[in-house]
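Below: final.cif (mmCIF, C-alpha atoms)
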```cif
data_query
loop_
_atom_site.group_PDB
_atom_site.id
_atom_site.type_symbol
_atom_site.label_atom_id
_atom_site.label_comp_id
_atom_site.auth_asym_id
_atom_site.auth_seq_id
_atom_site.Cartn_x
_atom_site.Cartn_y
_atom_site.Cartn_z
ATOM 1 C CA MET A 156 -45.095 77.317 -37.621
ATOM 2 C CA LEU A 157 -44.811 73.610 -37.010
ATOM 3 C CA ARG A 158 -45.753 72.886 -40.639
ATOM 4 C CA SER A 159 -43.112 75.269 -41.917
ATOM 5 C CA SER A 160 -40.269 73.697 -39.887
ATOM 6 C CA ARG A 161 -41.255 70.181 -40.987
ATOM 7 C CA LEU A 162 -41.005 71.199 -44.625
ATOM 8 C CA LYS A 163 -37.533 72.639 -44.123
ATOM 9 C CA ARG A 164 -36.122 69.461 -42.498
ATOM 10 C CA ALA A 165 -33.255 67.816 -44.482
ATOM 11 C CA GLY A 166 -34.152 64.672 -46.469
ATOM 12 C CA PHE A 167 -34.703 63.225 -49.917
ATOM 13 C CA THR A 168 -37.144 64.632 -52.358
ATOM 14 C CA VAL A 169 -39.615 62.427 -54.164
ATOM 15 C CA VAL A 170 -37.592 62.787 -57.370
ATOM 16 C CA GLU A 171 -34.422 61.711 -55.598
ATOM 17 C CA LEU A 172 -36.168 58.693 -54.129
ATOM 18 C CA LEU A 173 -37.597 57.700 -57.482
ATOM 19 C CA VAL A 174 -34.238 58.066 -59.202
ATOM 20 C CA ALA A 175 -32.511 56.115 -56.446
ATOM 21 C CA ALA A 176 -35.147 53.396 -56.563
ATOM 22 C CA THR A 177 -34.859 53.124 -60.338
ATOM 23 C CA VAL A 178 -31.074 52.976 -60.268
ATOM 24 C CA GLY A 179 -31.196 50.475 -57.418
ATOM 25 C CA LEU A 180 -33.647 48.373 -59.351
ATOM 26 C CA PHE A 181 -31.392 48.297 -62.378
ATOM 27 C CA VAL A 182 -28.288 47.495 -60.333
ATOM 28 C CA THR A 183 -30.073 44.712 -58.454
ATOM 29 C CA GLY A 184 -31.507 43.351 -61.675
ATOM 30 C CA ALA A 185 -28.099 43.332 -63.310
ATOM 31 C CA ALA A 186 -26.556 41.574 -60.331
ATOM 32 C CA ILE A 187 -29.287 38.942 -60.268
ATOM 33 C CA SER A 188 -29.006 38.456 -64.021
ATOM 34 C CA LEU A 189 -25.259 38.033 -63.730
ATOM 35 C CA CYS A 190 -25.614 35.467 -60.969
ATOM 36 C CA TRP A 191 -28.326 33.621 -62.886
ATOM 37 C CA THR A 192 -26.173 33.523 -66.016
ATOM 38 C CA GLY A 193 -23.202 32.307 -64.001
ATOM 39 C CA ASN A 194 -25.289 29.598 -62.379
ATOM 40 C CA ARG A 195 -26.650 28.520 -65.739
ATOM 41 C CA ILE A 196 -23.147 28.262 -67.209
ATOM 42 C CA VAL A 197 -21.855 26.309 -64.232
ATOM 43 C CA ALA A 198 -24.872 23.986 -64.310
ATOM 44 C CA GLY A 199 -24.302 23.390 -68.023
ATOM 45 C CA LEU A 200 -20.647 22.675 -67.426
ATOM 46 C CA LEU A 201 -21.457 20.209 -64.673
ATOM 47 C CA GLU A 202 -24.072 18.442 -66.771
ATOM 48 C CA SER A 203 -21.767 18.334 -69.761
ATOM 49 C CA GLN A 204 -18.931 17.029 -67.647
ATOM 50 C CA ARG A 205 -21.150 14.406 -66.058
ATOM 51 C CA ALA A 206 -22.365 13.116 -69.431
ATOM 52 C CA TRP A 207 -18.830 13.058 -70.798
ATOM 53 C CA GLN A 208 -17.330 11.346 -67.759
ATOM 54 C CA GLU A 209 -20.051 8.721 -67.668
ATOM 55 C CA THR A 210 -19.612 7.995 -71.326
ATOM 56 C CA ARG A 211 -15.844 7.758 -71.031
ATOM 57 C CA ALA A 212 -16.089 5.488 -68.013
ATOM 58 C CA ALA A 213 -18.587 3.238 -69.789
ATOM 59 C CA ALA A 214 -16.451 3.187 -72.935
ATOM 60 C CA THR A 215 -13.324 2.331 -70.955
ATOM 61 C CA LEU A 216 -15.059 -0.615 -69.288
ATOM 62 C CA TRP A 217 -16.539 -1.749 -72.598
ATOM 63 C CA THR A 218 -13.126 -1.496 -74.260
ATOM 64 C CA ALA A 219 -11.429 -3.612 -71.607
ATOM 65 C CA GLU A 220 -14.156 -6.259 -71.658
ATOM 66 C CA LEU A 221 -14.379 -6.504 -75.429
ATOM 67 C CA ARG A 222 -10.625 -6.950 -75.735
ATOM 68 C CA GLY A 223 -10.988 -10.146 -73.734
ATOM 69 C CA ALA A 224 -13.919 -11.496 -75.758
ATOM 70 C CA GLY A 225 -13.212 -14.961 -77.065
ATOM 71 C CA TYR A 226 -10.661 -15.929 -74.438
ATOM 72 C CA ASP A 227 -11.074 -19.708 -74.493
ATOM 73 C CA PRO A 228 -7.972 -21.511 -73.248
ATOM 74 C CA THR A 229 -9.575 -24.955 -73.401
ATOM 75 C CA SER A 230 -11.135 -24.329 -76.810
ATOM 76 C CA THR A 231 -14.305 -25.972 -75.535
ATOM 77 C CA ALA A 232 -16.245 -23.087 -74.032
ATOM 78 C CA GLY A 233 -17.312 -21.562 -77.320
ATOM 79 C CA ALA A 234 -16.385 -18.114 -76.107
ATOM 80 C CA GLY A 235 -16.552 -15.224 -78.518
ATOM 81 C CA VAL A 236 -18.964 -12.737 -79.962
ATOM 82 C CA SER A 237 -22.397 -14.339 -80.056
ATOM 83 C CA ARG A 238 -24.617 -11.503 -81.250
ATOM 84 C CA ALA A 239 -23.702 -8.323 -83.053
ATOM 85 C CA ARG A 240 -26.216 -5.692 -84.096
ATOM 86 C CA SER A 241 -26.106 -1.941 -84.245
ATOM 87 C CA ASP A 242 -27.865 -1.744 -80.880
ATOM 88 C CA THR A 243 -26.733 -4.978 -79.259
ATOM 89 C CA LEU A 244 -23.449 -6.701 -78.621
ATOM 90 C CA GLU A 245 -23.109 -9.952 -76.693
ATOM 91 C CA PHE A 246 -19.846 -11.737 -76.050
ATOM 92 C CA SER A 247 -18.174 -14.104 -73.637
ATOM 93 C CA ALA A 248 -14.797 -15.216 -72.313
ATOM 94 C CA ASP A 249 -13.832 -18.259 -70.293
ATOM 95 C CA TRP A 250 -11.817 -16.407 -67.690
ATOM 96 C CA ASN A 251 -11.565 -19.308 -65.238
ATOM 97 C CA ALA A 252 -10.669 -21.843 -67.954
ATOM 98 C CA SER A 253 -13.466 -24.115 -66.856
ATOM 99 C CA GLY A 254 -14.373 -25.092 -70.367
ATOM 100 C CA ALA A 255 -17.695 -23.278 -70.138
ATOM 101 C CA VAL A 256 -18.782 -19.691 -69.942
ATOM 102 C CA THR A 257 -20.601 -20.277 -66.710
ATOM 103 C CA PRO A 258 -20.115 -17.587 -64.130
ATOM 104 C CA THR A 259 -18.690 -18.336 -60.723
ATOM 105 C CA ALA A 260 -18.187 -16.212 -57.660
ATOM 106 C CA GLY A 261 -14.606 -15.631 -58.669
ATOM 107 C CA ASN A 262 -15.388 -14.939 -62.303
ATOM 108 C CA PRO A 263 -18.733 -13.220 -62.390
ATOM 109 C CA SER A 264 -18.396 -11.539 -65.767
ATOM 110 C CA GLU A 265 -17.923 -14.309 -68.306
ATOM 111 C CA ARG A 266 -20.993 -13.414 -70.382
ATOM 112 C CA LEU A 267 -21.637 -9.786 -71.156
ATOM 113 C CA ALA A 268 -24.361 -8.026 -73.087
ATOM 114 C CA TYR A 269 -24.442 -4.409 -74.118
ATOM 115 C CA ALA A 270 -27.502 -2.570 -75.375
ATOM 116 C CA LEU A 271 -27.430 0.897 -76.880
ATOM 117 C CA GLY A 272 -30.168 3.252 -77.933
ATOM 118 C CA ALA A 273 -31.581 6.707 -77.561
ATOM 119 C CA GLY A 274 -30.549 7.862 -74.128
ATOM 120 C CA THR A 275 -29.330 4.446 -73.051
ATOM 121 C CA TRP A 276 -26.100 2.576 -72.706
ATOM 122 C CA LYS A 277 -26.807 -0.586 -70.753
ATOM 123 C CA ARG A 278 -24.612 -3.408 -69.580
ATOM 124 C CA GLY A 279 -25.831 -6.825 -68.519
ATOM 125 C CA VAL A 280 -23.841 -9.578 -66.864
ATOM 126 C CA ASN A 281 -24.463 -13.323 -67.174
ATOM 127 C CA GLY A 282 -27.942 -12.975 -68.570
ATOM 128 C CA GLY A 283 -29.040 -10.591 -65.836
ATOM 129 C CA PRO A 284 -30.836 -7.314 -66.382
ATOM 130 C CA ARG A 285 -29.122 -4.765 -68.566
ATOM 131 C CA LEU A 286 -28.587 -1.863 -66.264
ATOM 132 C CA PRO A 287 -27.787 1.699 -67.282
ATOM 133 C CA ALA A 288 -24.076 2.348 -67.492
ATOM 134 C CA ALA A 289 -24.206 5.746 -69.186
ATOM 135 C CA TRP A 290 -26.707 8.191 -70.614
ATOM 136 C CA PRO A 291 -25.554 9.356 -74.028
ATOM 137 C CA ASP A 292 -28.059 10.998 -76.356
ATOM 138 C CA SER A 293 -27.682 8.001 -78.607
ATOM 139 C CA ALA A 294 -25.089 5.403 -79.511
ATOM 140 C CA LYS A 295 -24.597 2.547 -81.959
ATOM 141 C CA PHE A 296 -22.176 -0.250 -82.751
ATOM 142 C CA SER A 297 -20.382 -0.774 -86.047
ATOM 143 C CA TYR A 298 -18.371 -3.843 -87.029
ATOM 144 C CA PHE A 299 -15.317 -4.192 -89.216
ATOM 145 C CA ASP A 300 -12.996 -6.902 -90.451
ATOM 146 C CA GLY A 301 -9.211 -6.815 -90.248
ATOM 147 C CA LEU A 302 -9.018 -4.516 -93.265
ATOM 148 C CA ALA A 303 -11.343 -2.055 -91.531
ATOM 149 C CA ALA A 304 -14.108 -2.839 -94.035
ATOM 150 C CA ASP A 305 -17.607 -2.279 -92.666
ATOM 151 C CA LEU A 306 -19.404 -5.588 -92.144
ATOM 152 C CA GLY A 307 -22.904 -4.106 -92.118
ATOM 153 C CA ALA A 308 -25.727 -4.101 -89.613
ATOM 154 C CA SER A 309 -25.896 -7.833 -88.880
ATOM 155 C CA PRO A 310 -22.466 -9.333 -89.496
ATOM 156 C CA ASP A 311 -21.194 -12.836 -88.961
ATOM 157 C CA PRO A 312 -19.859 -12.670 -85.372
ATOM 158 C CA ALA A 313 -16.877 -14.818 -86.291
ATOM 159 C CA ALA A 314 -15.724 -12.292 -88.892
ATOM 160 C CA ILE A 315 -15.693 -9.312 -86.565
ATOM 161 C CA ARG A 316 -12.211 -8.074 -85.863
ATOM 162 C CA LEU A 317 -12.902 -4.453 -84.931
ATOM 163 C CA VAL A 318 -15.862 -3.028 -83.082
ATOM 164 C CA GLU A 319 -16.635 0.635 -82.941
ATOM 165 C CA VAL A 320 -19.074 2.354 -80.658
ATOM 166 C CA ARG A 321 -20.223 5.721 -81.874
ATOM 167 C CA VAL A 322 -21.659 8.005 -79.235
ATOM 168 C CA PHE A 323 -23.679 11.123 -79.905
ATOM 169 C CA LEU A 324 -23.650 13.806 -77.256
ATOM 170 C CA ALA A 325 -26.008 16.525 -78.382
ATOM 171 C CA SER A 326 -28.051 17.739 -75.416
ATOM 172 C CA PRO A 327 -28.541 21.473 -75.701
ATOM 173 C CA ARG A 328 -27.220 21.988 -72.190
ATOM 174 C CA ALA A 329 -24.455 19.414 -72.504
ATOM 175 C CA GLY A 330 -22.122 21.621 -74.502
ATOM 176 C CA PRO A 331 -21.288 21.328 -78.186
ATOM 177 C CA ALA A 332 -22.785 18.498 -80.224
ATOM 178 C CA LEU A 333 -20.183 15.774 -80.414
ATOM 179 C CA VAL A 334 -19.738 12.438 -82.107
ATOM 180 C CA VAL A 335 -17.120 10.318 -80.373
ATOM 181 C CA ARG A 336 -15.895 6.941 -81.590
ATOM 182 C CA TRP A 337 -14.142 4.241 -79.638
ATOM 183 C CA ARG A 338 -12.731 1.463 -81.799
ATOM 184 C CA VAL A 339 -11.443 -1.757 -80.294
ATOM 185 C CA ALA A 340 -9.644 -4.697 -81.865
ATOM 186 C CA ARG A 341 -10.444 -8.116 -80.468
ATOM 187 C CA ARG A 342 -7.357 -9.679 -78.974
ATOM 188 C CA ASN A 343 -8.608 -13.256 -78.935
ATOM 189 C CA PHE A 344 -9.470 -13.514 -82.561
ATOM 190 C CA ARG A 345 -9.331 -16.648 -84.649
ATOM 191 C CA THR A 346 -9.413 -16.356 -88.380
ATOM 192 C CA PRO A 347 -12.700 -17.980 -89.424
ATOM 193 C CA MET B 118 -20.968 56.123 -41.537
ATOM 194 C CA ARG B 119 -23.107 58.304 -43.710
ATOM 195 C CA SER B 120 -22.788 62.051 -43.553
ATOM 196 C CA PRO B 121 -26.022 64.009 -43.148
ATOM 197 C CA GLY B 122 -25.691 65.297 -46.703
ATOM 198 C CA GLY B 123 -25.637 61.813 -48.268
ATOM 199 C CA TRP B 124 -22.845 59.902 -49.981
ATOM 200 C CA THR B 125 -20.061 61.709 -51.722
ATOM 201 C CA LEU B 126 -19.284 61.191 -55.365
ATOM 202 C CA VAL B 127 -16.072 59.342 -54.461
ATOM 203 C CA GLU B 128 -17.980 56.904 -52.254
ATOM 204 C CA VAL B 129 -20.464 56.185 -54.983
ATOM 205 C CA LEU B 130 -17.692 55.729 -57.543
ATOM 206 C CA VAL B 131 -15.755 53.373 -55.283
ATOM 207 C CA ALA B 132 -18.884 51.334 -54.627
ATOM 208 C CA LEU B 133 -19.630 51.102 -58.333
ATOM 209 C CA LEU B 134 -16.010 50.152 -59.030
ATOM 210 C CA LEU B 135 -16.135 47.342 -56.479
ATOM 211 C CA LEU B 136 -19.418 46.115 -57.881
ATOM 212 C CA THR B 137 -18.015 46.164 -61.397
ATOM 213 C CA VAL B 138 -14.843 44.329 -60.396
ATOM 214 C CA GLY B 139 -16.884 41.688 -58.593
ATOM 215 C CA GLY B 140 -19.155 41.209 -61.588
ATOM 216 C CA LEU B 141 -16.277 40.964 -64.000
ATOM 217 C CA ALA B 142 -14.498 38.466 -61.760
ATOM 218 C CA LEU B 143 -17.606 36.288 -61.680
ATOM 219 C CA ALA B 144 -17.994 36.443 -65.441
ATOM 220 C CA GLY B 145 -14.275 35.826 -65.917
ATOM 221 C CA SER B 146 -14.239 32.735 -63.746
ATOM 222 C CA ALA B 147 -17.209 31.259 -65.620
ATOM 223 C CA THR B 148 -15.520 31.961 -68.943
ATOM 224 C CA HIS B 149 -12.270 30.465 -67.695
ATOM 225 C CA ALA B 150 -14.038 27.315 -66.486
ATOM 226 C CA HIS B 151 -15.800 26.986 -69.831
ATOM 227 C CA ALA B 152 -12.534 27.368 -71.761
ATOM 228 C CA ALA B 153 -10.778 24.851 -69.523
ATOM 229 C CA ARG B 154 -13.570 22.365 -70.054
ATOM 230 C CA GLU B 155 -13.359 22.831 -73.831
ATOM 231 C CA ARG B 156 -9.603 22.274 -73.764
ATOM 232 C CA ALA B 157 -10.000 19.092 -71.729
ATOM 233 C CA LEU B 158 -12.700 17.891 -74.110
ATOM 234 C CA ARG B 159 -10.514 18.447 -77.185
ATOM 235 C CA SER B 160 -7.621 16.634 -75.520
ATOM 236 C CA ALA B 161 -9.863 13.674 -74.750
ATOM 237 C CA LEU B 162 -11.201 13.616 -78.311
ATOM 238 C CA ALA B 163 -7.688 13.656 -79.744
ATOM 239 C CA LEU B 164 -6.535 10.880 -77.432
ATOM 240 C CA THR B 165 -9.567 8.724 -78.198
ATOM 241 C CA ALA B 166 -9.018 9.128 -81.940
ATOM 242 C CA ALA B 167 -5.327 8.271 -81.620
ATOM 243 C CA GLU B 168 -6.127 5.139 -79.622
ATOM 244 C CA SER B 169 -8.759 4.097 -82.169
ATOM 245 C CA TRP B 170 -6.269 4.571 -84.998
ATOM 246 C CA ILE B 171 -3.749 2.357 -83.205
ATOM 247 C CA GLU B 172 -6.401 -0.310 -82.615
ATOM 248 C CA THR B 173 -7.187 -0.308 -86.322
ATOM 249 C CA TRP B 174 -3.507 -0.489 -87.235
ATOM 250 C CA ARG B 175 -2.930 -3.403 -84.879
ATOM 251 C CA ALA B 176 -5.844 -5.350 -86.334
ATOM 252 C CA GLY B 177 -4.823 -4.674 -89.920
ATOM 253 C CA PRO B 178 -2.522 -6.660 -92.169
ATOM 254 C CA TRP B 179 1.228 -6.442 -91.862
ATOM 255 C CA VAL B 180 2.458 -3.723 -94.178
ATOM 256 C CA VAL B 181 5.911 -4.055 -95.633
ATOM 257 C CA GLY B 182 7.796 -0.804 -95.881
ATOM 258 C CA PRO B 183 7.252 2.596 -94.360
ATOM 259 C CA THR B 184 4.022 4.480 -94.910
ATOM 260 C CA THR B 185 2.752 7.899 -94.015
ATOM 261 C CA GLY B 186 -0.638 9.455 -94.294
ATOM 262 C CA ALA B 187 -3.005 12.145 -93.178
ATOM 263 C CA ALA B 188 -6.771 12.481 -93.037
ATOM 264 C CA PRO B 189 -9.281 14.992 -91.743
ATOM 265 C CA ALA B 190 -11.145 14.133 -88.581
ATOM 266 C CA ALA B 191 -14.439 15.364 -87.190
ATOM 267 C CA TRP B 192 -16.249 14.894 -83.919
ATOM 268 C CA GLY B 193 -19.475 16.770 -84.598
ATOM 269 C CA VAL B 194 -18.761 20.463 -84.287
ATOM 270 C CA VAL B 195 -15.092 19.867 -83.509
ATOM 271 C CA THR B 196 -12.815 19.226 -86.468
ATOM 272 C CA GLY B 197 -9.174 18.290 -86.744
ATOM 273 C CA SER B 198 -6.756 15.975 -88.457
ATOM 274 C CA VAL B 199 -4.970 12.643 -88.098
ATOM 275 C CA GLU B 200 -1.406 12.117 -89.306
ATOM 276 C CA TRP B 201 0.505 8.870 -89.067
ATOM 277 C CA THR B 202 3.840 7.368 -89.875
ATOM 278 C CA VAL B 203 4.624 3.669 -89.905
ATOM 279 C CA GLY B 204 8.220 2.546 -90.048
ATOM 280 C CA ARG B 205 9.979 -0.804 -90.006
ATOM 281 C CA LEU B 206 12.483 -1.153 -87.180
ATOM 282 C CA ALA B 207 13.368 -4.765 -88.011
ATOM 283 C CA PRO B 208 12.056 -7.460 -90.362
ATOM 284 C CA CYS B 209 9.512 -8.500 -87.766
ATOM 285 C CA LEU B 210 9.006 -5.254 -85.899
ATOM 286 C CA SER B 211 7.321 -2.075 -87.009
ATOM 287 C CA GLU B 212 6.526 1.136 -85.241
ATOM 288 C CA ALA B 213 3.598 3.467 -85.742
ATOM 289 C CA ARG B 214 3.335 7.059 -84.677
ATOM 290 C CA VAL B 215 -0.012 8.823 -84.851
ATOM 291 C CA ARG B 216 -0.690 12.459 -84.154
ATOM 292 C CA VAL B 217 -4.214 13.769 -83.800
ATOM 293 C CA VAL B 218 -5.096 17.443 -83.676
ATOM 294 C CA ALA B 219 -8.548 18.355 -82.372
ATOM 295 C CA GLY B 220 -9.944 21.833 -82.795
ATOM 296 C CA THR B 221 -8.907 24.775 -84.904
ATOM 297 C CA ARG B 222 -8.608 27.600 -82.409
ATOM 298 C CA THR B 223 -6.340 26.555 -79.539
ATOM 299 C CA PRO B 224 -6.199 22.950 -80.769
ATOM 300 C CA ALA B 225 -5.315 19.988 -78.582
ATOM 301 C CA THR B 226 -2.824 17.427 -79.804
ATOM 302 C CA ALA B 227 -2.322 13.789 -78.877
ATOM 303 C CA THR B 228 0.644 11.806 -80.127
ATOM 304 C CA LEU B 229 0.939 8.073 -79.526
ATOM 305 C CA VAL B 230 3.690 5.683 -80.511
ATOM 306 C CA THR B 231 3.349 1.917 -80.508
ATOM 307 C CA ARG B 232 5.168 -1.105 -81.853
ATOM 308 C CA ARG B 233 3.924 -4.288 -83.350
ATOM 309 C CA PHE B 234 5.623 -7.668 -83.693
ATOM 310 C CA ARG B 235 4.938 -9.945 -86.574
ATOM 311 C CA GLU B 236 4.047 -13.445 -85.467
ATOM 312 C CA SER B 237 3.349 -16.840 -86.957
ATOM 313 C CA VAL B 238 5.605 -16.164 -89.899
ATOM 314 C CA ALA B 239 8.799 -18.016 -90.706
ATOM 315 C CA GLY B 240 11.816 -16.093 -89.465
ATOM 316 C CA CYS B 241 9.914 -14.078 -86.911
#
```
Would you mind writing the structure in this file as structure tokens?
Amino acid sequence: MLRSSRLKRAGFTVVELLVAATVGLFVTGAAISLCWTGNRIVAGLLESQRAWQETRAAATLWTAELRGAGYDPTSTAGAGVSRARSDTLEFSADWNASGAVTPTAGNPSERLAYALGAGTWKRGVNGGPRLPAAWPDSAKFSYFDGLAADLGASPDPAAIRLVEVRVFLASPRAGPALVVRWRVARRNFRTP
Amino acid sequence: MRSPGGWTLVEVLVALLLLTVGGLALAGSATHAHAARERALRSALALTAAESWIETWRAGPWVVGPTTGAAPAAWGVVTGSVEWTVGRLAPCLSEARVRVVAGTRTPATATLVTRRFRESVAGC
């Protein structure tokens, strides 16, 4: 009698439970997959944005500093571009008009050195260590004269009128593969 | 909350509808953020190219007379075009206008105008 009443009690059958569990599993899996995909997209966007912002910030600083290269109001400091290679660019400016490109507390950035390479964009000040300023996939310098003619890999620094930095952003998670160029004309340029 | 007989069909449908709307909203916001980022990127590429063109023009020789031109542009997977017009406003003053279009679908455009004085020449 007791066994009979227990069997008649309302509840789910095994089939119902299995179906519900299966459906629940699929729904939960879909929700988790959706969240995971969303997180992945957002993480990619953030990483892409970070790489792009860092590169733009570094390029903006480089642009401003290179425009001032060669500022030499006393004509005795020898300021200008001193070394130009596809991975290195060194230049100076006599900002405090002291007649020498010697840094002071008020003018700490008279000699600048940039180094580019795979995964590096470094900036060094006054002969100090070249510290990371951005993390592009790779980058290189190119040099041109006033007619925009390419001066090659190791040009005469005095002949350089335009400098271009070409940045490759191609990390799989950093968005579409891009090649971005910043070209800057030296403002303090003397015809050699 | 739950009747002894289980959930009704309407309850299940409403729950599924809410779940679907939530999922679509999540996917939509991610897609929207991605599209916004792509638009911003194309705008930045166009602006950078326009600034580089102006730098090159400023460093170049003085050109007598108006000129126009156009050239394709590429930034890796993104393609576009550069168009420019240079006019003479006065014997010693010229003006350049450059327009860069980045992208093919929903392209971004940057237009810059600048002027250049001729120096170190008699009469200027």
Tell me the residues of chain B close to chain A, meaning within 6 Å using only C-alpha atoms, as number ranges by chain. B: 169, 172, 176-177, 192-193
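Residues in contact with stretch 196-213 of chain B at up to 6 Å, not including ones fewer than 4 positions away on its chain and judged by all atoms listed in the file, are Pro183, Thr184, Thr185, Gly186, Ala187, Ala188, Pro189, Ala190, Ala191, Val217, Val218, Ala219, Gly220, Val230, Thr231, Arg232, Arg233, Phe234, Arg235 and Cys241 of chain B.
Atom pair atom CA of A:Tyr226 / atom CA of A:Asn262: separated by 13.1 Å.
Separating atom CA of B:Ala132 from atom CA of A:Val169 is a distance of 23.5 Å.
Shortest atom-to-atom contact with A:Ala308 among A:Leu267, A:Ala252, A:Val236, A:Leu244: A:Leu244, counting all atoms listed in the file.
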